[in-house]
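Step one of this worksheet: look at the structure below.
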Amino acid sequence: MDIKRESVIVRNEESIDTGFKTRFMHGLGGKYRNVPVIFALILIIAAFSIVEPTYLSARNINNLSIQIVNITIGGLGLFMVILVGKIDLSIASMAVACTTIAATLNVIWGWNIVISVAIALLSGCFFGCMHGLIITKTKMPAFIVTLAASMIYNGLILLILPTTMQISISGTPIEVITAFFLPPVWSYLIVVIFACIIFLLSFQRFWQAKRYNPECSLFKMAIMPFIITVAICSFMVFVFNLHRGLNLAVLIMFVLIAAIHYLLTQTKLGVHMYAIGGNEDAVRRTGINVDKRIIINFMIAGSIFAFNGLVLASRVRSVSAESVSPDLMGNAVAAAVLGGASLRGGVGRPVGVLIGGLIIGSMINGLHLIGASQAVRSIAIGTIVIIAIFFDSVIIKLSKADR
């Protein structure tokens with residue numbers, strides 16, 4: 001009798017352990033996917049702030065915020081492609097090609113800046129559309145198509161650039177993207193507007209949930225997100241205002257993150273994108289036009305890459321063939337993967353890409369402050385990417401094994 005009772009106890013303990021492990025792995029692969037990354041970010045900031053006291057100064061934080069714009073926006077564009085289980089290796093060359101078009105139209109030909117930028121963004125959208133069409137209609141691997149496309153864009157850059165192989169944008173409206181800082185009053189007004197939008201969206205979600213669950217809490221679903229948003233954004237703006245203020249490029253980055261988040265979480269298209277990345281064949285069997293949605297993802301990504309090129313040109317004040325840097329591609333991949341995007345598709349959030357961009361930007365900024373060489377910085381970022389991909393594979397395998 002005692003032996004039976006002990007065996008029952010052992011089986012119960014094993015079931016509890018297995019259940020906890022399953023929930024833990026599923027949580028780590030789902031809504032808690034960014035928790036380890038946030039802890040890593042805190043450790044990185046703490047380590048560099050101890051080694052270099054100026055790391056957390058208002059001046060350096062403001063500089064860091066501008067530095068992560070390129071990383072995060074590039075990661076967002078790549079995230080849109082990874083979400084449906086694809087990849088795009090033409091990030092850097094496409095971004096510079098579109099920027100070269102804008103700079104040529106505005107600086108050399110004297111076209112209006114709005115028209116020039118619009119054509120550049122439409123060019124990125126067109127290039128992305130061509131990537132999507134070729135990949136979906138021919139079933140060629142995405143990395144082969146986009147790798148070949150990057151070579152084409154490199155040639156296009158050389159054809160468009162003048163004989164000097166460089167176009168200066170100093171003093172042009174393109175320079176304003178990273179050179180303009182908002183006055184403090186504008187910054188706080190934007191915080192209020194953004195918080196109100198968050199409240200309205202949260203209240204809408206609460207009202208929809210209340211139909212199926214009358215006990216859902218208004219405070220948890222609408223009021224608390226509003227308070228947290230106001231607190232975090234107000235603190236960020238306060239820190240930015242200690243040195244120059246909120247940069248226009250940083251503001252655009254946050255708006256872009258919010259827009260993509262809304263697209264992916266509040267629209268039918270966003271639901272389809274996650275479903276395609278999770279199981280493309282199953283989505284096809286439901287009658288959904290998968291190819292069309294993949295093409296749309298590539299078009300959105302192309303436009304984001306084009307804008308990222310404009311931000312890069314604004315920072316360096318010029319456009320040239322040398323702007324096609326491997327770091328632009330590597331940092332975007334690192335931001336997307338560290339932010340929780342799985343290379344198998346169907347997983348991740350735009351906010352996670354921002355966290356990934358913060359990690360990469362913090363590492364680059366901190367290593368630069370302590371005097372580390374370019375070689376050391378490249379090795380560090382590459383190592384982080386490999387570790388992130390490794391843990392992504394481990395989490396997926398373990399979560400599948402527990403099902």
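Starting from 1 in every chain, residues are counted up; chains themselves are A, B, ... following the order of the structure tokens, and ligands are numbered from 1 as listed.
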Tell me, counting only C-alpha atoms, for each residue of stretch 272-368 of chain A within 9 Å of stretch 132-135 of chain A, which pair of atoms is nearest and how far apart they are in Å to one decimal, in rows ordered by chain and increasing number, as a tab-separated table.
residue	atom	partner	partner_atom	distance
A:Asp291	CA	A:Gly132	CA	7.9
A:Lys292	CA	A:Gly132	CA	8.5
A:Ile294	CA	A:Gly132	CA	6.4
A:Ile295	CA	A:Gly132	CA	4.3
A:Ile296	CA	A:Gly132	CA	7.8
A:Asn297	CA	A:Gly132	CA	8.0
A:Phe298	CA	A:Gly132	CA	5.7
A:Met299	CA	A:Gly132	CA	7.7
Near stretch 231-241 of chain A, 8 Å: stretch 36-68 of chain A residue rows, closest pairs, only C-alpha atoms, as JSON lines:
{"residue": "A:Ala58", "atom": "CA", "partner": "A:Val239", "partner_atom": "CA", "distance": 6.2}
{"residue": "A:Ile61", "atom": "CA", "partner": "A:Phe240", "partner_atom": "CA", "distance": 7.6}
{"residue": "A:Asn62", "atom": "CA", "partner": "A:Phe240", "partner_atom": "CA", "distance": 5.8}
Find the residues around A:Ser318 up to 7 Å (only C-alpha atoms counted), leave out those fewer than 2 positions away in its own chain, and share them as a CSV table (one decimal) with C-alpha atoms, in the first residue's frame.
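Saved file out_16.csv follows:
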chain,number,residue,atom,x,y,z
A,166,GLN,CA,29.5,61.2,-54.1
A,167,ILE,CA,26.6,63.5,-53.5
A,168,SER,CA,26.7,65.9,-50.6
A,169,ILE,CA,23.4,66.6,-48.9
A,313,ALA,CA,22.5,59.8,-45.5
A,316,VAL,CA,26.7,61.1,-42.7
A,320,SER,CA,28.2,57.4,-52.0
How close does each residue of stretch 197-272 of chain A get to stretch 338-358 of chain A, giving the shortest atom pair and distance in Å to one decimal for every residue with an atom at most 8 Å away, counting only C-alpha atoms, sorted by chain and residue number, as CSV?
residue,atom,partner,partner_atom,distance
A:Ile257,CA,A:Pro350,CA,5.9
A:Ala258,CA,A:Pro350,CA,8.0
A:Ile260,CA,A:Pro350,CA,6.8
A:His261,CA,A:Pro350,CA,5.8
Considering only C-alpha atoms, can you say which of A:Phe79, A:Gln266, A:Asn365, A:Leu251 comes closest to A:Thr178?
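Using only C-alpha atoms, the shortest distance to A:Thr178 belongs to A:Leu251.
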Could you please write out, as a compact mmCIF listing (two decimals) with N, CA and C atoms, in the first residue's frame, every residue of stretch 128-236 of chain A that DSSP assigns to strand (DSSP E)?
# COMPACT_ATOMS: atom_id res chain seq x y z
N GLN A 166 30.01 60.72 -55.39
CA GLN A 166 29.48 61.16 -54.11
C GLN A 166 28.55 62.35 -54.31
N ILE A 167 27.48 62.39 -53.53
CA ILE A 167 26.56 63.52 -53.55
C ILE A 167 26.44 64.06 -52.12
N SER A 168 26.82 65.30 -51.94
CA SER A 168 26.72 65.92 -50.61
C SER A 168 25.30 66.41 -50.39
N PHE A 181 15.94 68.95 -33.78
CA PHE A 181 15.51 68.54 -32.44
C PHE A 181 14.26 69.32 -32.05
N LEU A 182 13.27 68.61 -31.55
CA LEU A 182 12.00 69.24 -31.21
C LEU A 182 12.13 70.08 -29.94
Stretch 87-226 of chain A: residues DSSP assigns to alpha helix (DSSP H), reported as a ChimeraX atom specification
/A:91-103,113-138,142-160,176-179,184-212,218,224-226
Quick one: everything within 12 Å of A:Met253, counting only C-alpha atoms, minus sequence neighbours fewer than 6 positions away in the same chain. Send it as a PyMOL selection string.
chain A and resi 65-77+177-178+246-247+259-260+304+307-308+311+350-351+353-354+357
Work out how far atom CA of A:Ile193 is from atom CA of A:Leu56, in Å to one decimal.
27.9 Å
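Counting only C-alpha atoms, A:Ile379 has the following residues at most 12 Å away, ignoring those fewer than 6 positions along the same chain: A:Asp327, A:Gly330, A:Met363, A:Ile364, A:Leu367, A:Ala372, A:Ser373, A:Val385, A:Ile386.
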Let me see the file: selected residues, C-alpha atoms, as a CSV table (one decimal), in the first residue's frame.
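The new file again19.csv reads:
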chain,number,residue,atom,x,y,z
A,327,ASP,CA,27.2,46.7,-40.8
A,330,GLY,CA,24.4,42.7,-39.9
A,363,MET,CA,27.1,47.6,-27.3
A,364,ILE,CA,28.5,49.6,-30.2
A,367,LEU,CA,32.7,49.7,-27.0
A,372,ALA,CA,37.6,49.3,-28.6
A,373,SER,CA,38.7,48.8,-32.2
A,385,VAL,CA,23.9,37.3,-33.3
A,386,ILE,CA,25.1,33.7,-33.2
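If you count only C-alpha atoms and ignore residues fewer than 5 places along the chain from A:Ile144, what sits within 12 Å of it is Lys86, Ile87, Asp88, Leu89, Ser90, His131, Ile134, Ile135, Thr138, Lys139, Ala149, Ser150 and Met151 of chain A.
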